Amino acid sequence: MQQCIEGNAAAFRRLYELYSKAMYNTALRIVNQTADAEDVLQEAFTDAFIQIKSFERKSTFGAWLKKIVIYKSVNFLKRKHTSFVDIENIKEPEEELKETDEEMMQMAVSAIKRKIRALPDGYRTVLSLYLLEGYDHEEIAQILGITHTTVRTQYSRAKQRLLTALKEDKDE
């Protein structure tokens, strides 16, 4: 880190090599397109390297960088005019998940990832931030600039749509 702060190009390259794959995967889960994820990754690293002197070491570099990647990814979607519909007054589905639904979640990881990539941008973003990135509903609401209720509803609907898609695959 100190070498990066001092402007050492080899140190920057090493940090990029250490973190680029994981950060690319994070961006891809949100923006859903390879080229877009690559663009987001480059922007995030550029910003991180420009701001590296402000890194306060309150968290790990990876956590700090991941936050930048997520914000860049979400901003990319906003520029694409992805909308997060505020649906506070709409009731959530009352059906609880059945045991068979939980068993469906045990399907192959690749099938689940494929179905997540097929979700609409808003659903995919909320689901990815919650399930894959570990953010809670309040944090996601703050990141996306939407209400906590909207996050919960988007997550619930994304999960239902994912489960339905997985069931359809199983039935085929």
# chains A, B, ... in the order shown; residues from 1 in each chain; ligands from 1
>>> residues_around(residues="Thr26 (chain A)", least_positions_apart="2", cutoff="8 Å", atoms="only C-alpha atoms", output="count of residues only")
10
>>> residues_around(residues="Phe45 (chain A)", least_positions_apart="2", cutoff="9 Å", atoms="only C-alpha atoms", output="mmCIF file with C-alpha atoms, in the first residue's frame")
data_model
loop_
_atom_site.group_PDB
_atom_site.id
_atom_site.type_symbol
_atom_site.label_atom_id
_atom_site.label_comp_id
_atom_site.auth_asym_id
_atom_site.auth_seq_id
_atom_site.Cartn_x
_atom_site.Cartn_y
_atom_site.Cartn_z
ATOM 1 C CA TYR A 16 -4.609 -5.072 -9.780
ATOM 2 C CA SER A 20 -9.114 -7.746 -10.477
ATOM 3 C CA VAL A 40 -16.733 -0.745 -14.543
ATOM 4 C CA LEU A 41 -13.638 -2.600 -13.328
ATOM 5 C CA GLN A 42 -11.285 -0.190 -15.087
ATOM 6 C CA GLU A 43 -13.162 2.846 -13.763
ATOM 7 C CA ASP A 47 -10.673 5.835 -9.039
ATOM 8 C CA ALA A 48 -9.120 3.642 -6.356
ATOM 9 C CA PHE A 49 -5.594 4.428 -7.511
ATOM 10 C CA ILE A 50 -6.371 8.144 -7.727
ATOM 11 C CA LEU A 65 -12.244 -1.505 -3.460
ATOM 12 C CA ILE A 68 -16.081 1.322 -5.169
ATOM 13 C CA VAL A 69 -16.859 -1.455 -7.686
#
>>> atom_distance(atom1="CA of Asp121 (chain A)", atom2="CA of Ala44 (chain A)")
19.9 Å
>>> atom_distance(atom1="CA of Lys67 (chain A)", atom2="CA of Tyr123 (chain A)")
19.3 Å
>>> select_by_dssp(residues="chain A", states="helix (DSSP H, G or I)", output="ChimeraX atom specification")
/A:2-5,9-31,34-50,52-54,61-79,99-104,109-118,121-132,137-144,148-171
>>> atom_distance(atom1="CA of Arg57 (chain A)", atom2="CA of Ile5 (chain A)")
12.8 Å
>>> closest_residue(among="A:Ala165, A:Ala158, A:Leu18, A:Ala37", to="Leu131 (chain A)", atoms="only C-alpha atoms")
A:Ala158
>>> residues_around(residues="His137 (chain A)", least_positions_apart="2", cutoff="7 Å", atoms="only C-alpha atoms", output="list in words")
Tyr135, Glu139, Ile140, Ala141, His148, Val151 and Arg152 of chain A
>>> residues_around(residues="Tyr155 (chain A)", least_positions_apart="4", cutoff="9 Å", atoms="only C-alpha atoms", output="ChimeraX atom specification")
/A:123-124,126-127,130,137,150-151,159-160
